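First up is the structure itself, then whatever we jot down about it.
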Amino acid sequence: MIRSTALFTADKPMVSICCSTFNHENFIGEALDGFLMQKCDFPVEILIHEDCSTDNTAVIIKEYQQKFSDIIKPKFQKENQYSKGVKPISQLLLPRSQGKYIALCEGDDYWTDPYKLQNQVDFLEANEDFAICHHNMQVIYEENNNKPHLSNPPDGEKFTTIETLAHGNYIYTASCVFRDGLFGEFPNWFAKCPIGDYPLHMLNAQFGKIRYFPEIMGVYRVHNGGVWEYIKILFTEKKSGLTY
């Protein structure tokens with residue numbers, strides 16, 4: 001369902017929402033609704049990398065774009081870029097972004113709190129010594145009977161640093177907002193990393209602390225269409241000892 005948006009436009013957005021999607025026809029509408037329901041007192045742009053899906057993902061995105069062409073800015077690939085070794089966030093989405101802050105959310109995850117962006121941006125605006133903030137997520141399993149659980153402990157440390165993050169990634173992609181342009185160009189080794197979010201967080205965390213909000217403001221899906229994400233989440237749980 002296409003909902004009305006509380007966002008407004010301006011010449012330069014405060015936040016660039018970066019969304020990479022592939023074969024997410026069952027999920028992308030919910031992701032876009034989560035973006036559009038945000039209640040902010042600042043302008044936002046929604047950048048989408050549609051990686052030549054073979055289902056109706058592109059069709060759904062175009063329907064939303066027609067209604068919200070001022071803020072939804074998709075790029076539709078003619079060939080799948082991920083299979084060529086291209087990293088959508090670092091190579092295709094961040095170069096297009098104009099925001100002071102970046103919010104990430106892949107096309108199969110979604111936000112549930114309409115004040116997510118406002119709360120995170122307000123904190124970063126008031127605390128210049130922080131580079132990243134993230135929040136708790138509900139983790140759900142689409143194709144098996146695994147029970148939903150939280151991505152992070154409700155009583156987890158609210159303030160951490162790069163030293164903490166170096167022990168293992170606890171920042172879920174759809175939960176984070178970070179300052180753009182902290183480290184300049186991506187280093188050469190970044191292209192060789194099998195995943196993109198963890199090293200990106202490490203690069204940003206060199207320049208400030210990390211704030212954790214225990215409130216649940218989004219949903220992270222584990223499904224057969226995201227096998228690598230399933231591997232990542234199992235690794236995260238093993239490293240952190242999560243049993244939620």
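Chain labels A, B, ... are given in the sequence in which chains occur in the structure tokens; within each chain residues are numbered consecutively from 1, and ligands are likewise numbered from 1 in the order shown.
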Per-residue DSSP, region 139-177 of chain A, filtered to strand (DSSP E), as a PyMOL selection string: chain A and resi 139-141+149-150+159-160+177
Selection from above, N, CA and C atoms, as a PDB file, in the first residue's frame, can you write it?
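As a result, result.pdb now contains:
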```pdb
ATOM      1  N   VAL A 139      14.149  -9.084  14.713  1.00  0.00           N
ATOM      2  CA  VAL A 139      14.611 -10.018  13.683  1.00  0.00           C
ATOM      3  C   VAL A 139      13.543 -11.080  13.477  1.00  0.00           C
ATOM      4  N   ILE A 140      13.055 -11.212  12.243  1.00  0.00           N
ATOM      5  CA  ILE A 140      12.026 -12.201  11.951  1.00  0.00           C
ATOM      6  C   ILE A 140      12.515 -13.148  10.856  1.00  0.00           C
ATOM      7  N   TYR A 141      11.999 -14.369  10.883  1.00  0.00           N
ATOM      8  CA  TYR A 141      12.381 -15.407   9.925  1.00  0.00           C
ATOM      9  C   TYR A 141      11.171 -15.726   9.058  1.00  0.00           C
ATOM     10  N   HIS A 149      13.390 -12.464  17.446  1.00  0.00           N
ATOM     11  CA  HIS A 149      14.195 -12.019  18.576  1.00  0.00           C
ATOM     12  C   HIS A 149      14.730 -10.624  18.285  1.00  0.00           C
ATOM     13  N   LEU A 150      15.369 -10.036  19.263  1.00  0.00           N
ATOM     14  CA  LEU A 150      15.912  -8.698  19.116  1.00  0.00           C
ATOM     15  C   LEU A 150      17.322  -8.763  18.551  1.00  0.00           C
ATOM     16  N   PHE A 159      26.797   3.693  24.788  1.00  0.00           N
ATOM     17  CA  PHE A 159      27.902   4.438  24.202  1.00  0.00           C
ATOM     18  C   PHE A 159      29.085   3.498  23.994  1.00  0.00           C
ATOM     19  N   THR A 160      29.483   3.316  22.740  1.00  0.00           N
ATOM     20  CA  THR A 160      30.613   2.460  22.427  1.00  0.00           C
ATOM     21  C   THR A 160      31.557   3.188  21.472  1.00  0.00           C
ATOM     22  N   VAL A 177      22.270   5.424  11.319  1.00  0.00           N
ATOM     23  CA  VAL A 177      22.391   6.732  10.667  1.00  0.00           C
ATOM     24  C   VAL A 177      23.797   7.222  10.981  1.00  0.00           C
TER      25      VAL A 177
END
```
Determine, for each residue of region 46-135 of chain A having at least one atom at most 10 Å from an atom of region 10-33 of chain A, the closest pair of atoms and their separation in Å to one decimal, counting only C-alpha atoms; order by chain and ascending number, as a Markdown table.
```
| residue | atom | partner | partner_atom | distance |
| --- | --- | --- | --- | --- |
| A:Ile46 | CA | A:Ile17 | CA | 4.8 |
| A:Leu47 | CA | A:Cys18 | CA | 5.0 |
| A:Ile48 | CA | A:Cys19 | CA | 4.8 |
| A:His49 | CA | A:Ser20 | CA | 4.7 |
| A:Glu50 | CA | A:Thr21 | CA | 5.2 |
| A:Asp51 | CA | A:Phe22 | CA | 5.4 |
| A:Cys52 | CA | A:Phe22 | CA | 6.9 |
| A:Ser53 | CA | A:Asn23 | CA | 4.9 |
| A:Thr54 | CA | A:Asn23 | CA | 6.3 |
| A:Asp55 | CA | A:Asn23 | CA | 5.6 |
| A:Asn56 | CA | A:Glu25 | CA | 5.4 |
| A:Thr57 | CA | A:Glu25 | CA | 4.3 |
| A:Ala58 | CA | A:Glu25 | CA | 8.1 |
| A:Val59 | CA | A:Glu25 | CA | 8.6 |
| A:Ile60 | CA | A:Gly29 | CA | 7.0 |
| A:Ile61 | CA | A:Ile28 | CA | 7.6 |
| A:Glu63 | CA | A:Gly29 | CA | 9.8 |
| A:Tyr64 | CA | A:Leu32 | CA | 8.0 |
| A:Asp70 | CA | A:Ala10 | CA | 9.4 |
| A:Ile71 | CA | A:Pro13 | CA | 9.4 |
| A:Ile72 | CA | A:Leu32 | CA | 9.1 |
| A:Lys73 | CA | A:Cys18 | CA | 9.9 |
| A:Pro74 | CA | A:Cys19 | CA | 9.1 |
| A:Lys75 | CA | A:Ser20 | CA | 9.9 |
| A:Asn80 | CA | A:Phe22 | CA | 8.8 |
| A:Tyr82 | CA | A:Phe22 | CA | 9.5 |
| A:Lys87 | CA | A:Ser20 | CA | 9.8 |
| A:Pro88 | CA | A:Ser20 | CA | 6.6 |
| A:Ile89 | CA | A:Ser20 | CA | 7.2 |
| A:Leu92 | CA | A:Ser20 | CA | 9.4 |
| A:Leu93 | CA | A:Cys18 | CA | 6.1 |
| A:Leu94 | CA | A:Cys18 | CA | 7.4 |
| A:Arg96 | CA | A:Ser16 | CA | 9.1 |
| A:Ser97 | CA | A:Ser16 | CA | 5.8 |
| A:Gln98 | CA | A:Pro13 | CA | 6.4 |
| A:Gly99 | CA | A:Val15 | CA | 4.5 |
| A:Lys100 | CA | A:Met14 | CA | 5.2 |
| A:Tyr101 | CA | A:Val15 | CA | 4.8 |
| A:Ile102 | CA | A:Ser16 | CA | 5.0 |
| A:Ala103 | CA | A:Ile17 | CA | 4.7 |
| A:Leu104 | CA | A:Cys18 | CA | 5.0 |
| A:Cys105 | CA | A:Cys19 | CA | 5.2 |
| A:Glu106 | CA | A:Cys19 | CA | 5.0 |
| A:Gly107 | CA | A:Thr21 | CA | 4.6 |
| A:Asp108 | CA | A:Phe27 | CA | 5.0 |
| A:Asp109 | CA | A:Ala31 | CA | 6.0 |
| A:Tyr110 | CA | A:Ala31 | CA | 4.3 |
| A:Trp111 | CA | A:Ala31 | CA | 6.8 |
| A:Thr112 | CA | A:Asp33 | CA | 9.3 |
| A:Leu117 | CA | A:Val15 | CA | 8.3 |
| A:Gln118 | CA | A:Val15 | CA | 9.9 |
| A:Val121 | CA | A:Val15 | CA | 8.3 |
```
DSSP alpha helix (DSSP H) residues within region 82-152 of chain A, listed as a PyMOL selection string: chain A and resi 116-126
Would you save the residues from that selection as a PDB file, in the first residue's frame, using all heavy atoms?
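Dumped to result_14.pdb:
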```
ATOM      1  N   LYS A 116      11.908   7.678  13.852  1.00  0.00           N
ATOM      2  CA  LYS A 116      13.252   7.099  13.824  1.00  0.00           C
ATOM      3  C   LYS A 116      14.289   8.120  13.355  1.00  0.00           C
ATOM      4  O   LYS A 116      15.273   8.392  14.054  1.00  0.00           O
ATOM      5  CB  LYS A 116      13.275   5.868  12.919  1.00  0.00           C
ATOM      6  CG  LYS A 116      14.683   5.381  12.555  1.00  0.00           C
ATOM      7  CD  LYS A 116      14.663   4.481  11.327  1.00  0.00           C
ATOM      8  CE  LYS A 116      15.991   4.494  10.597  1.00  0.00           C
ATOM      9  NZ  LYS A 116      17.110   3.886  11.335  1.00  0.00           N
ATOM     10  N   LEU A 117      14.101   8.655  12.159  1.00  0.00           N
ATOM     11  CA  LEU A 117      15.090   9.574  11.603  1.00  0.00           C
ATOM     12  C   LEU A 117      15.204  10.849  12.438  1.00  0.00           C
ATOM     13  O   LEU A 117      16.305  11.355  12.668  1.00  0.00           O
ATOM     14  CB  LEU A 117      14.747   9.928  10.161  1.00  0.00           C
ATOM     15  CG  LEU A 117      14.927   8.833   9.118  1.00  0.00           C
ATOM     16  CD1 LEU A 117      14.610   9.369   7.723  1.00  0.00           C
ATOM     17  CD2 LEU A 117      16.347   8.252   9.136  1.00  0.00           C
ATOM     18  N   GLN A 118      14.077  11.379  12.876  1.00  0.00           N
ATOM     19  CA  GLN A 118      14.107  12.608  13.676  1.00  0.00           C
ATOM     20  C   GLN A 118      14.927  12.396  14.945  1.00  0.00           C
ATOM     21  O   GLN A 118      15.774  13.232  15.307  1.00  0.00           O
ATOM     22  CB  GLN A 118      12.693  13.036  14.037  1.00  0.00           C
ATOM     23  CG  GLN A 118      12.612  14.380  14.750  1.00  0.00           C
ATOM     24  CD  GLN A 118      12.910  15.550  13.818  1.00  0.00           C
ATOM     25  OE1 GLN A 118      12.237  15.731  12.824  1.00  0.00           O
ATOM     26  NE2 GLN A 118      13.928  16.339  14.145  1.00  0.00           N
ATOM     27  N   ASN A 119      14.681  11.277  15.640  1.00  0.00           N
ATOM     28  CA  ASN A 119      15.390  11.011  16.890  1.00  0.00           C
ATOM     29  C   ASN A 119      16.890  10.846  16.656  1.00  0.00           C
ATOM     30  O   ASN A 119      17.715  11.379  17.424  1.00  0.00           O
ATOM     31  CB  ASN A 119      14.824   9.753  17.556  1.00  0.00           C
ATOM     32  CG  ASN A 119      13.425   9.949  18.078  1.00  0.00           C
ATOM     33  OD1 ASN A 119      12.997  11.068  18.345  1.00  0.00           O
ATOM     34  ND2 ASN A 119      12.683   8.854  18.225  1.00  0.00           N
ATOM     35  N   GLN A 120      17.252  10.126  15.619  1.00  0.00           N
ATOM     36  CA  GLN A 120      18.668   9.870  15.379  1.00  0.00           C
ATOM     37  C   GLN A 120      19.397  11.127  14.914  1.00  0.00           C
ATOM     38  O   GLN A 120      20.518  11.411  15.354  1.00  0.00           O
ATOM     39  CB  GLN A 120      18.832   8.733  14.367  1.00  0.00           C
ATOM     40  CG  GLN A 120      18.419   7.381  14.941  1.00  0.00           C
ATOM     41  CD  GLN A 120      18.625   6.238  13.964  1.00  0.00           C
ATOM     42  OE1 GLN A 120      17.799   6.018  13.086  1.00  0.00           O
ATOM     43  NE2 GLN A 120      19.721   5.515  14.117  1.00  0.00           N
ATOM     44  N   VAL A 121      18.774  11.893  14.031  1.00  0.00           N
ATOM     45  CA  VAL A 121      19.404  13.124  13.557  1.00  0.00           C
ATOM     46  C   VAL A 121      19.495  14.147  14.680  1.00  0.00           C
ATOM     47  O   VAL A 121      20.522  14.831  14.826  1.00  0.00           O
ATOM     48  CB  VAL A 121      18.635  13.689  12.348  1.00  0.00           C
ATOM     49  CG1 VAL A 121      19.101  15.104  12.015  1.00  0.00           C
ATOM     50  CG2 VAL A 121      18.827  12.782  11.141  1.00  0.00           C
ATOM     51  N   ASP A 122      18.457  14.271  15.496  1.00  0.00           N
ATOM     52  CA  ASP A 122      18.508  15.196  16.627  1.00  0.00           C
ATOM     53  C   ASP A 122      19.704  14.884  17.529  1.00  0.00           C
ATOM     54  O   ASP A 122      20.404  15.789  17.996  1.00  0.00           O
ATOM     55  CB  ASP A 122      17.218  15.125  17.442  1.00  0.00           C
ATOM     56  CG  ASP A 122      16.062  15.855  16.785  1.00  0.00           C
ATOM     57  OD1 ASP A 122      16.298  16.586  15.793  1.00  0.00           O
ATOM     58  OD2 ASP A 122      14.918  15.694  17.252  1.00  0.00           O
ATOM     59  N   PHE A 123      19.926  13.590  17.767  1.00  0.00           N
ATOM     60  CA  PHE A 123      21.055  13.218  18.629  1.00  0.00           C
ATOM     61  C   PHE A 123      22.396  13.594  17.990  1.00  0.00           C
ATOM     62  O   PHE A 123      23.262  14.187  18.642  1.00  0.00           O
ATOM     63  CB  PHE A 123      21.032  11.717  18.935  1.00  0.00           C
ATOM     64  CG  PHE A 123      22.217  11.282  19.750  1.00  0.00           C
ATOM     65  CD1 PHE A 123      22.211  11.424  21.122  1.00  0.00           C
ATOM     66  CD2 PHE A 123      23.352  10.762  19.134  1.00  0.00           C
ATOM     67  CE1 PHE A 123      23.322  11.063  21.885  1.00  0.00           C
ATOM     68  CE2 PHE A 123      24.467  10.398  19.883  1.00  0.00           C
ATOM     69  CZ  PHE A 123      24.453  10.554  21.263  1.00  0.00           C
ATOM     70  N   LEU A 124      22.580  13.267  16.722  1.00  0.00           N
ATOM     71  CA  LEU A 124      23.846  13.561  16.061  1.00  0.00           C
ATOM     72  C   LEU A 124      24.076  15.065  15.931  1.00  0.00           C
ATOM     73  O   LEU A 124      25.213  15.541  16.031  1.00  0.00           O
ATOM     74  CB  LEU A 124      23.894  12.884  14.697  1.00  0.00           C
ATOM     75  CG  LEU A 124      23.978  11.355  14.720  1.00  0.00           C
ATOM     76  CD1 LEU A 124      23.852  10.787  13.305  1.00  0.00           C
ATOM     77  CD2 LEU A 124      25.285  10.885  15.360  1.00  0.00           C
ATOM     78  N   GLU A 125      23.016  15.808  15.709  1.00  0.00           N
ATOM     79  CA  GLU A 125      23.150  17.259  15.623  1.00  0.00           C
ATOM     80  C   GLU A 125      23.621  17.853  16.954  1.00  0.00           C
ATOM     81  O   GLU A 125      24.366  18.826  16.981  1.00  0.00           O
ATOM     82  CB  GLU A 125      21.813  17.889  15.233  1.00  0.00           C
ATOM     83  CG  GLU A 125      21.456  17.738  13.770  1.00  0.00           C
ATOM     84  CD  GLU A 125      22.238  18.696  12.882  1.00  0.00           C
ATOM     85  OE1 GLU A 125      21.853  19.870  12.771  1.00  0.00           O
ATOM     86  OE2 GLU A 125      23.256  18.247  12.300  1.00  0.00           O
ATOM     87  N   ALA A 126      23.188  17.265  18.050  1.00  0.00           N
ATOM     88  CA  ALA A 126      23.515  17.788  19.377  1.00  0.00           C
ATOM     89  C   ALA A 126      24.811  17.219  19.943  1.00  0.00           C
ATOM     90  O   ALA A 126      25.299  17.709  20.976  1.00  0.00           O
ATOM     91  CB  ALA A 126      22.364  17.504  20.347  1.00  0.00           C
TER      92      ALA A 126
END
```
Near Asn136 (chain A), within 8 Å and counting only C-alpha atoms, which residues show up once chain neighbours fewer than 3 positions away are dropped, as a short mmCIF file (atom, residue, chain, number, x, y, z; two decimals) with C-alpha atoms, in the first residue's frame?
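Result file selection.cif:
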```cif
data_model
loop_
_atom_site.label_atom_id
_atom_site.label_comp_id
_atom_site.auth_asym_id
_atom_site.auth_seq_id
_atom_site.Cartn_x
_atom_site.Cartn_y
_atom_site.Cartn_z
CA LEU A 150 15.91 -8.70 19.12
CA SER A 151 19.04 -7.69 17.26
CA ASN A 152 20.65 -6.21 20.37
CA PRO A 153 20.19 -6.56 24.12
CA PRO A 154 17.68 -4.03 25.50
CA SER A 175 19.20 0.68 12.11
CA TYR A 212 22.80 2.84 20.72
CA PHE A 213 19.05 3.38 21.16
CA PRO A 214 17.42 0.32 22.81
CA GLU A 215 14.02 1.17 21.33
CA ILE A 216 12.85 -1.16 18.53
CA MET A 217 12.43 1.00 15.43
CA GLY A 218 12.63 -1.50 12.58
#
```
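In this model, the gap between CA of Pro95 (chain A) and CA of Val222 (chain A) comes to 28.1 Å.
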Pairwise distance for CA of Ile210 (chain A) and CA of Gly181 (chain A), rounded to one decimal in Å: 16.3 Å
Pick from A:Asn224, A:Asn146, A:His134, A:Ser90 nearest to Asp197 (chain A), counting only C-alpha atoms: A:Ser90
Pro187 (chain A) surroundings by only C-alpha atoms, 12 Å radius, close-in-sequence under 5 positions cut, as a PyMOL selection string: chain A and resi 90+192-193+199-200+203
Write a file of the selected residues as an mmCIF file, in the first residue's frame, keeping N, CA and C atoms.
```
data_model
loop_
_atom_site.group_PDB
_atom_site.id
_atom_site.type_symbol
_atom_site.label_atom_id
_atom_site.label_comp_id
_atom_site.auth_asym_id
_atom_site.auth_seq_id
_atom_site.Cartn_x
_atom_site.Cartn_y
_atom_site.Cartn_z
ATOM 1 N N SER A 90 28.624 1.666 -1.458
ATOM 2 C CA SER A 90 29.820 2.507 -1.581
ATOM 3 C C SER A 90 30.043 3.026 -2.990
ATOM 4 N N LYS A 192 37.625 -5.438 -1.651
ATOM 5 C CA LYS A 192 37.892 -6.862 -1.476
ATOM 6 C C LYS A 192 37.121 -7.474 -0.309
ATOM 7 N N CYS A 193 36.433 -6.641 0.463
ATOM 8 C CA CYS A 193 35.679 -7.147 1.614
ATOM 9 C C CYS A 193 34.435 -7.903 1.142
ATOM 10 N N PRO A 199 32.732 -3.096 7.469
ATOM 11 C CA PRO A 199 33.888 -2.217 7.246
ATOM 12 C C PRO A 199 33.514 -0.749 7.091
ATOM 13 N N LEU A 200 32.326 -0.461 6.555
ATOM 14 C CA LEU A 200 31.870 0.929 6.473
ATOM 15 C C LEU A 200 31.720 1.520 7.865
ATOM 16 N N LEU A 203 35.137 2.240 9.308
ATOM 17 C CA LEU A 203 35.717 3.453 8.738
ATOM 18 C C LEU A 203 35.125 4.702 9.395
#
```
